[in-house]
file work07.txt (compact mmCIF, C-alpha atoms and all ligand atoms)
# COMPACT_ATOMS: atom_id res chain seq x y z
CA MET A 1 -25.23 112.12 133.77
CA ALA A 2 -25.84 113.23 137.33
CA ARG A 3 -28.87 112.00 139.30
CA ALA A 4 -31.37 114.62 140.45
CA GLY A 5 -30.21 115.54 143.94
CA GLY A 6 -26.52 114.86 143.21
CA VAL A 7 -24.09 116.77 141.07
CA ASN A 8 -20.90 115.75 139.33
CA PRO A 9 -17.86 117.84 140.52
CA HIS A 10 -16.80 118.19 136.88
CA ASP A 11 -20.12 119.92 136.10
CA VAL A 12 -19.51 122.33 139.01
CA ASP A 13 -16.07 123.16 137.53
CA ILE A 14 -17.69 123.92 134.17
CA LEU A 15 -20.40 126.09 135.76
CA LEU A 16 -17.78 127.95 137.82
CA ALA A 17 -15.73 128.57 134.69
CA ASP A 18 -18.88 129.88 132.95
CA VAL A 19 -19.79 132.24 135.78
CA THR A 20 -16.27 133.65 136.18
CA GLY A 21 -15.40 133.74 132.49
CA ARG A 22 -12.24 131.72 133.24
CA SER A 23 -11.17 128.30 132.02
CA PRO A 24 -11.38 125.29 134.38
CA ALA A 25 -7.54 125.14 134.20
CA TRP A 26 -7.27 128.78 135.39
CA LEU A 27 -9.63 128.07 138.28
CA PHE A 28 -7.58 125.04 139.27
CA ALA A 29 -4.41 127.18 139.35
CA HIS A 30 -6.08 130.00 141.34
CA GLY A 31 -7.84 128.14 144.14
CA GLU A 32 -7.31 131.06 146.53
CA GLU A 33 -9.50 133.49 144.49
CA GLN A 34 -12.84 134.52 146.05
CA ILE A 35 -16.06 134.75 144.05
CA ASP A 36 -19.60 135.83 144.87
CA PRO A 37 -21.31 132.49 145.65
CA ALA A 38 -24.86 133.62 144.75
CA ALA A 39 -24.57 133.16 140.99
CA ILE A 40 -22.90 129.77 141.17
CA GLU A 41 -25.32 128.51 143.82
CA LYS A 42 -28.23 129.23 141.52
CA LEU A 43 -26.67 127.32 138.61
CA VAL A 44 -25.59 124.37 140.76
CA GLY A 45 -29.14 124.30 142.19
CA ARG A 46 -30.57 123.92 138.68
CA ARG A 47 -28.08 121.14 137.97
CA MET A 48 -28.96 119.39 141.25
CA ARG A 49 -32.63 119.40 140.27
CA GLY A 50 -31.60 117.45 137.16
CA GLU A 51 -31.50 120.11 134.43
CA PRO A 52 -28.97 119.13 131.74
CA LEU A 53 -25.70 121.06 131.89
CA GLN A 54 -26.06 122.13 128.25
CA TYR A 55 -29.39 123.90 128.91
CA ILE A 56 -27.92 125.71 131.91
CA LEU A 57 -24.92 126.85 129.86
CA GLY A 58 -27.12 127.54 126.81
CA ARG A 59 -24.68 125.84 124.49
CA THR A 60 -23.10 122.59 123.37
CA GLU A 61 -20.48 121.52 120.89
CA PHE A 62 -21.30 119.52 117.78
CA PHE A 63 -19.01 118.66 114.88
CA GLY A 64 -16.45 121.26 116.02
CA ARG A 65 -18.92 124.15 116.32
CA GLU A 66 -20.79 125.67 119.23
CA PHE A 67 -24.59 125.54 119.06
CA PHE A 68 -27.06 127.48 121.20
CA VAL A 69 -29.49 125.11 122.92
CA ASP A 70 -32.40 125.44 125.32
CA ASP A 71 -35.36 123.29 126.25
CA ARG A 72 -37.05 123.91 122.89
CA VAL A 73 -34.62 121.48 121.22
CA LEU A 74 -32.96 118.12 121.73
CA ILE A 75 -29.38 118.44 122.96
CA PRO A 76 -27.26 117.25 120.00
CA ARG A 77 -25.68 113.86 120.79
CA PRO A 78 -22.10 112.93 119.85
CA GLU A 79 -23.25 109.80 117.97
CA THR A 80 -25.22 112.02 115.55
CA GLU A 81 -21.86 113.26 114.19
CA LEU A 82 -21.68 109.89 112.41
CA LEU A 83 -24.79 110.82 110.40
CA VAL A 84 -23.16 114.12 109.38
CA GLU A 85 -19.90 112.37 108.44
CA THR A 86 -21.84 109.89 106.31
CA ALA A 87 -23.80 112.65 104.56
CA ILE A 88 -20.62 114.65 103.87
CA ALA A 89 -19.05 111.58 102.27
CA ARG A 90 -22.18 110.47 100.31
CA ALA A 91 -23.87 113.62 99.05
CA PRO A 92 -23.27 114.06 95.30
CA ARG A 93 -21.73 117.39 94.26
CA ASP A 94 -24.28 120.28 94.26
CA ALA A 95 -26.94 117.93 95.64
CA ARG A 96 -30.29 119.09 97.01
CA VAL A 97 -30.42 117.74 100.55
CA LEU A 98 -33.39 117.64 102.92
CA ASP A 99 -32.83 117.30 106.69
CA ILE A 100 -36.01 116.16 108.47
CA GLY A 101 -36.35 117.26 112.11
CA CYS A 102 -33.85 120.12 112.39
CA GLY A 103 -34.00 120.61 116.19
CA SER A 104 -31.08 122.96 116.95
CA GLY A 105 -30.07 122.82 113.26
CA CYS A 106 -26.89 120.95 114.15
CA ILE A 107 -27.03 118.43 111.29
CA ALA A 108 -28.10 120.79 108.50
CA ILE A 109 -25.75 123.61 109.51
CA SER A 110 -22.73 121.30 109.98
CA LEU A 111 -23.40 119.68 106.61
CA GLU A 112 -23.82 122.96 104.75
CA ARG A 113 -20.74 124.51 106.39
CA GLU A 114 -18.59 121.48 105.52
CA ARG A 115 -20.05 121.10 102.01
CA PRO A 116 -20.96 124.61 100.77
CA ASP A 117 -21.76 123.18 97.32
CA LEU A 118 -24.92 121.54 98.76
CA LEU A 119 -28.35 123.16 98.76
CA VAL A 120 -29.61 122.16 102.20
CA THR A 121 -33.23 122.52 103.32
CA SER A 122 -34.17 121.63 106.88
CA ILE A 123 -37.66 121.21 108.32
CA ASP A 124 -39.27 120.70 111.69
CA VAL A 125 -42.85 120.41 112.89
CA SER A 126 -41.90 122.47 115.95
CA LEU A 127 -41.90 126.25 115.38
CA ALA A 128 -39.99 126.62 118.66
CA ALA A 129 -37.19 124.38 117.38
CA LEU A 130 -37.07 126.31 114.09
CA ALA A 131 -36.44 129.54 116.01
CA VAL A 132 -33.42 127.97 117.70
CA ALA A 133 -32.13 126.52 114.41
CA ARG A 134 -32.42 129.91 112.66
CA ARG A 135 -30.50 131.55 115.48
CA ASN A 136 -27.71 128.97 115.09
CA ALA A 137 -27.70 129.44 111.31
CA ARG A 138 -27.19 133.21 111.80
CA THR A 139 -24.33 132.59 114.24
CA HIS A 140 -22.57 130.32 111.77
CA GLY A 141 -23.34 132.31 108.63
CA SER A 142 -25.18 129.29 107.22
CA ARG A 143 -27.32 129.36 104.07
CA VAL A 144 -29.57 126.45 105.13
CA LEU A 145 -33.23 127.06 104.21
CA PHE A 146 -35.49 126.33 107.18
CA ALA A 147 -39.21 125.62 106.91
CA ALA A 148 -42.07 124.41 109.08
CA SER A 149 -43.48 121.08 107.94
CA ASP A 150 -45.01 117.96 109.42
CA ALA A 151 -42.91 115.39 107.53
CA PHE A 152 -43.50 116.26 103.82
CA ASP A 153 -46.84 118.01 104.30
CA ALA A 154 -45.52 121.47 103.32
CA ILE A 155 -42.67 120.28 101.09
CA HIS A 156 -42.96 119.96 97.33
CA GLY A 157 -40.70 118.14 94.93
CA GLY A 158 -37.81 115.77 95.30
CA PHE A 159 -34.27 115.80 96.68
CA ASP A 160 -31.02 114.00 95.87
CA LEU A 161 -30.52 112.96 99.50
CA ILE A 162 -32.56 112.94 102.70
CA VAL A 163 -30.89 112.89 106.12
CA SER A 164 -32.76 112.57 109.37
CA ASN A 165 -32.26 111.95 113.05
CA PRO A 166 -35.97 111.44 113.71
CA PRO A 167 -37.65 110.81 117.03
CA TYR A 168 -37.31 107.00 117.20
CA ILE A 169 -37.87 105.87 120.78
CA PRO A 170 -41.02 103.73 121.32
CA ALA A 171 -43.42 105.46 123.73
CA ALA A 172 -43.12 102.75 126.41
CA THR A 173 -39.31 102.99 126.37
CA TYR A 174 -39.55 106.78 126.54
CA GLU A 175 -41.41 106.48 129.85
CA GLN A 176 -38.36 104.67 131.27
CA LEU A 177 -35.74 107.21 130.18
CA ALA A 178 -33.70 109.07 132.80
CA THR A 179 -35.75 111.89 134.33
CA GLU A 180 -33.02 114.29 133.16
CA VAL A 181 -34.05 113.50 129.58
CA ARG A 182 -37.82 113.04 130.12
CA ASP A 183 -38.39 116.08 132.28
CA TYR A 184 -36.32 118.55 130.25
CA GLU A 185 -35.95 117.57 126.57
CA PRO A 186 -38.95 117.95 124.19
CA ARG A 187 -41.04 114.78 124.09
CA GLY A 188 -41.74 115.23 120.37
CA ALA A 189 -38.00 115.13 119.65
CA LEU A 190 -37.64 111.74 121.30
CA THR A 191 -40.71 109.61 120.65
CA PRO A 192 -43.02 109.57 117.61
CA GLY A 193 -45.52 107.05 119.08
CA PRO A 194 -45.90 103.49 120.31
CA LEU A 195 -43.69 101.82 117.68
CA GLY A 196 -40.78 104.23 117.41
CA THR A 197 -40.81 103.92 113.61
CA GLU A 198 -43.82 106.15 112.86
CA LEU A 199 -41.85 109.09 111.40
CA ILE A 200 -39.29 106.80 109.73
CA GLU A 201 -42.18 105.07 107.93
CA ARG A 202 -43.56 108.40 106.70
CA ILE A 203 -40.12 109.52 105.50
CA LEU A 204 -39.63 106.32 103.50
CA ALA A 205 -43.21 106.19 102.20
CA GLY A 206 -42.72 109.71 100.80
CA GLN A 207 -40.19 108.39 98.23
CA ARG A 208 -38.74 111.89 97.85
CA ALA A 209 -35.08 110.93 97.35
CA PRO A 210 -33.12 108.03 95.85
CA VAL A 211 -31.06 107.73 99.05
CA VAL A 212 -32.06 108.26 102.69
CA LEU A 213 -29.63 108.34 105.63
CA LEU A 214 -31.21 107.74 109.03
CA GLU A 215 -29.97 107.65 112.57
CA ILE A 216 -31.68 104.78 114.40
CA GLY A 217 -31.92 103.48 117.96
CA PHE A 218 -30.28 100.49 119.61
CA GLY A 219 -31.60 97.23 118.10
CA GLN A 220 -34.00 99.03 115.71
CA ILE A 221 -32.64 97.83 112.37
CA GLU A 222 -35.22 95.05 111.87
CA ASP A 223 -38.09 97.43 112.67
CA VAL A 224 -36.73 99.81 110.02
CA ARG A 225 -36.54 96.98 107.49
CA GLN A 226 -40.23 96.28 108.13
CA VAL A 227 -41.24 99.82 107.12
CA ALA A 228 -38.67 100.33 104.33
CA GLY A 229 -41.33 100.05 101.56
CA GLY A 230 -39.72 100.95 98.24
CA TYR A 231 -36.25 101.21 99.79
CA GLU A 232 -33.68 98.59 100.71
CA ILE A 233 -31.04 98.86 103.40
CA THR A 234 -27.74 99.04 101.54
CA GLU A 235 -25.43 99.77 104.48
CA VAL A 236 -25.44 99.94 108.25
CA ILE A 237 -22.72 101.90 110.04
CA ASN A 238 -21.82 101.30 113.68
CA ASP A 239 -21.06 104.09 116.11
CA LEU A 240 -17.99 104.15 118.38
CA ALA A 241 -19.83 101.98 120.92
CA GLY A 242 -20.36 99.31 118.22
CA ILE A 243 -24.10 100.04 117.97
CA GLU A 244 -25.82 100.01 114.56
CA ARG A 245 -26.49 103.74 114.33
CA VAL A 246 -26.69 105.01 110.75
CA VAL A 247 -28.69 103.25 108.05
CA VAL A 248 -28.26 103.94 104.34
CA LEU A 249 -31.44 103.17 102.37
CA SER A 250 -31.55 103.21 98.59
CA ARG A 251 -34.58 103.01 96.36
CA HIS A 252 -35.00 99.49 95.00
CA GLY A 253 -32.91 98.93 91.92
CA ARG A 254 -30.30 101.62 92.79
CA LYS A 255 -26.80 101.01 94.10
C1 LIG B 301 -34.22 113.55 117.56
S1 LIG B 301 -34.64 115.26 117.27
C2 LIG B 301 -33.26 115.68 116.19
C3 LIG B 301 -32.84 117.12 116.29
C4 LIG B 301 -31.52 117.42 115.57
N1 LIG B 301 -31.61 117.13 114.15
C5 LIG B 301 -30.41 116.62 116.22
O1 LIG B 301 -29.95 115.64 115.61
O2 LIG B 301 -29.98 116.96 117.33
C6 LIG B 301 -36.01 115.08 116.17
C7 LIG B 301 -36.62 116.37 115.64
O3 LIG B 301 -37.69 116.00 114.75
C8 LIG B 301 -38.77 116.89 114.95
N2 LIG B 301 -40.00 116.20 114.51
C9 LIG B 301 -40.76 115.32 115.20
N3 LIG B 301 -41.81 114.92 114.46
C10 LIG B 301 -41.71 115.57 113.27
C11 LIG B 301 -42.51 115.57 112.09
N4 LIG B 301 -43.62 114.82 112.00
N5 LIG B 301 -42.13 116.34 111.07
C12 LIG B 301 -41.00 117.11 111.15
N6 LIG B 301 -40.21 117.15 112.24
C13 LIG B 301 -40.56 116.38 113.30
C14 LIG B 301 -38.74 117.22 116.42
O4 LIG B 301 -39.45 118.43 116.68
C15 LIG B 301 -37.24 117.28 116.70
O5 LIG B 301 -36.75 118.59 116.56
call {"tool": "encode", "arguments": {"input": "work07.txt", "output": "C-alpha cells", "more": "lines below"}}
Ligand SMILES: C[S@@+](CC[C@H](N)C(=O)[O-])C[C@H]1O[C@@H](n2cnc3c(N)ncnc32)[C@H](O)[C@@H]1O
result
Amino acid sequence: MARAGGVNPHDVDILLADVTGRSPAWLFAHGEEQIDPAAIEKLVGRRMRGEPLQYILGRTEFFGREFFVDDRVLIPRPETELLVETAIARAPRDARVLDIGCGSGCIAISLERERPDLLVTSIDVSLAALAVARRNARTHGSRVLFAASDAFDAIHGGFDLIVSNPPYIPAATYEQLATEVRDYEPRGALTPGPLGTELIERILAGQRAPVVLLEIGFGQIEDVRQVAGGYEITEVINDLAGIERVVVLSRHGRK
C-alpha cells in the first residue's frame, strides 16, 4: 500500500489504463501516445492523498468475479477467499446458509454462484453496505436474499451453516491501522469494540446453526475459544501466509 503523499508507479499504470480504456500492456507498447492529463491528474491526486485504489476504480476482484466497491463497504481481502472455499467444501447439499456482515456481498454472492443448490441469506447492520451488496447481486444474477439486521435481531429460525467475516479488530489496534484503512474504510466493518470478539460472541451465543465458519484476525484463536460457548473449535485453517485465518466451530457433541 502506498503512503499518503507517495504513489506506487504500478497504481499509476492501473489508473492510466482505467482512464484510457486500454490495458497496462497496451500503454507500455504505445508510450508515444498523448492523453489529456487532467483526468489522470485528478485520480493520481486522490491516490496520493491515500484513498485506496479500489475505491478510486470503483471495483475489485474477488473469487474470480468483479465487485463494485466504494467507501460504504470494506474492500474484499484476498485471504477471505479461504472462507468461501471452506464454505463451498463444507456446506451440505441444499443447505440454508446465513452470511453475517455482507459488506459488498462478496462472500454470499461467490458462495451462491459456486453452489447454486444453497439457499443463501446475507445480513448487515449497515443499510449503506446492503445497497452495495444488492447492486453486486444484480450484476452477477445472484439469488442471495439480503436483509438488514443487527446480528440476529431481525432474523428468525435456524440455518444449516453460518459463515461470517465479522469486524474483529480490537478498538485499540484499529487506532494503529494504516491511515489508508482508517480514514477510508467503514469503522464498523473493522472493529466491533474494545475486545475484537464482541460480534463473534453474539454469533456463537445465538446458537442458530450446528456449524459456524469464521474468519479471524492474527493471533485471535484463543480469544475466540473463550467466547465459543456451546461450540467447540473443530478445525483451524491457515491462510497462504501461514496465519490461522478460518475457524470451524461445531456445536458440542457434533462432528
Ligand atoms: C469485515 S466486514 C466484511 C464484509 C464482507 N463480508 C467481506 O468479507 O468483505 C464486516 C461487515 O459486518 C457488518 N457488521 C458489523 N456489525 C454488525 C452487526 N452487529 N450485525 C450485522 N452486521 C454487522 C459491517 O457493516 C461490515 O459490512
call {"tool": "residues_near_ligand", "arguments": {"input": "work07.txt", "ligand": "ligand LIG 301 (chain B)", "cutoff": "9 Å", "atoms": "only C-alpha atoms and all ligand atoms", "output": "compact mmCIF listing (two decimals) with C-alpha atoms, keeping the file's coordinate frame"}}
result
# COMPACT_ATOMS: atom_id res chain seq x y z
CA ARG A 72 -37.05 123.91 122.89
CA VAL A 73 -34.62 121.48 121.22
CA LEU A 74 -32.96 118.12 121.73
CA ILE A 75 -29.38 118.44 122.96
CA PRO A 76 -27.26 117.25 120.00
CA ARG A 77 -25.68 113.86 120.79
CA THR A 80 -25.22 112.02 115.55
CA GLU A 81 -21.86 113.26 114.19
CA LEU A 83 -24.79 110.82 110.40
CA ASP A 99 -32.83 117.30 106.69
CA ILE A 100 -36.01 116.16 108.47
CA GLY A 101 -36.35 117.26 112.11
CA CYS A 102 -33.85 120.12 112.39
CA GLY A 103 -34.00 120.61 116.19
CA SER A 104 -31.08 122.96 116.95
CA GLY A 105 -30.07 122.82 113.26
CA CYS A 106 -26.89 120.95 114.15
CA ILE A 107 -27.03 118.43 111.29
CA ALA A 108 -28.10 120.79 108.50
CA SER A 122 -34.17 121.63 106.88
CA ILE A 123 -37.66 121.21 108.32
CA ASP A 124 -39.27 120.70 111.69
CA VAL A 125 -42.85 120.41 112.89
CA SER A 126 -41.90 122.47 115.95
CA LEU A 127 -41.90 126.25 115.38
CA ALA A 128 -39.99 126.62 118.66
CA ALA A 129 -37.19 124.38 117.38
CA LEU A 130 -37.07 126.31 114.09
CA ALA A 148 -42.07 124.41 109.08
CA SER A 149 -43.48 121.08 107.94
CA ASP A 150 -45.01 117.96 109.42
CA ALA A 151 -42.91 115.39 107.53
CA PHE A 152 -43.50 116.26 103.82
CA ASP A 153 -46.84 118.01 104.30
CA SER A 164 -32.76 112.57 109.37
CA ASN A 165 -32.26 111.95 113.05
CA PRO A 166 -35.97 111.44 113.71
CA PRO A 167 -37.65 110.81 117.03
CA TYR A 168 -37.31 107.00 117.20
CA PRO A 186 -38.95 117.95 124.19
CA ARG A 187 -41.04 114.78 124.09
CA GLY A 188 -41.74 115.23 120.37
CA ALA A 189 -38.00 115.13 119.65
CA LEU A 190 -37.64 111.74 121.30
CA THR A 191 -40.71 109.61 120.65
CA PRO A 192 -43.02 109.57 117.61
CA GLU A 198 -43.82 106.15 112.86
CA LEU A 199 -41.85 109.09 111.40
CA ARG A 202 -43.56 108.40 106.70
CA GLU A 215 -29.97 107.65 112.57
call {"tool": "atom_distance", "arguments": {"input": "work07.txt", "atom1": "atom CA of Thr139 of chain A", "atom2": "atom CA of Val97 of chain A"}}
result
21.1 Å
call {"tool": "residues_near_point", "arguments": {"input": "work07.txt", "point": "(-26.7, 121.8, 142.4)", "cutoff": "12 Å", "atoms": "all atoms listed in the file", "output": "PyMOL selection string"}}
result
chain A and resi 2-13+15-16+39-53+56
call {"tool": "closest_atom_pairs", "arguments": {"input": "work07.txt", "of": "segment 53-147 of chain A", "to": "segment 223-239 of chain A", "cutoff": "9 Å", "atoms": "only C-alpha atoms", "output": "Markdown table"}}
result
| residue | atom | partner | partner_atom | distance |
| --- | --- | --- | --- | --- |
| A:Glu79 | CA | A:Asp239 | CA | 6.4 |
| A:Thr80 | CA | A:Asp239 | CA | 9.0 |
| A:Leu82 | CA | A:Asp239 | CA | 6.9 |
| A:Thr86 | CA | A:Ile237 | CA | 8.9 |
call {"tool": "atom_distance", "arguments": {"input": "work07.txt", "atom1": "atom CA of Gly157 of chain A", "atom2": "atom CA of Arg208 of chain A"}}
result
7.2 Å
call {"tool": "closest_residue", "arguments": {"input": "work07.txt", "among": "A:Ala91, A:Val120, A:Ala154, A:Ala147", "to": "Val248 of chain A", "atoms": "all atoms listed in the file"}}
result
A:Ala91
call {"tool": "closest_residue", "arguments": {"input": "work07.txt", "among": "A:Gly193, A:Gly21, A:Gly206, A:Pro78", "to": "Arg245 of chain A", "atoms": "only C-alpha atoms"}}
result
A:Pro78
call {"tool": "closest_residue", "arguments": {"input": "work07.txt", "among": "A:Ala178, A:Ile169, A:Leu249, A:Ala89", "to": "Phe218 of chain A", "atoms": "all atoms listed in the file"}}
result
A:Ile169
call {"tool": "atom_distance", "arguments": {"input": "work07.txt", "atom1": "atom CA of Ile243 of chain A", "atom2": "atom CA of Val84 of chain A"}}
result
16.5 Å
call {"tool": "closest_residue", "arguments": {"input": "work07.txt", "among": "A:Leu214, A:Val132, A:Ala241, A:Leu27", "to": "Arg59 of chain A", "atoms": "only C-alpha atoms"}}
result
A:Val132
call {"tool": "closest_residue", "arguments": {"input": "work07.txt", "among": "A:Asp70, A:Glu244, A:Glu33, A:Glu201", "to": "Gly219 of chain A", "atoms": "all atoms listed in the file"}}
result
A:Glu244
call {"tool": "closest_residue", "arguments": {"input": "work07.txt", "among": "A:Ala29, A:Val163, A:Leu119, A:Leu111", "to": "Pro210 of chain A", "atoms": "all atoms listed in the file"}}
result
A:Val163
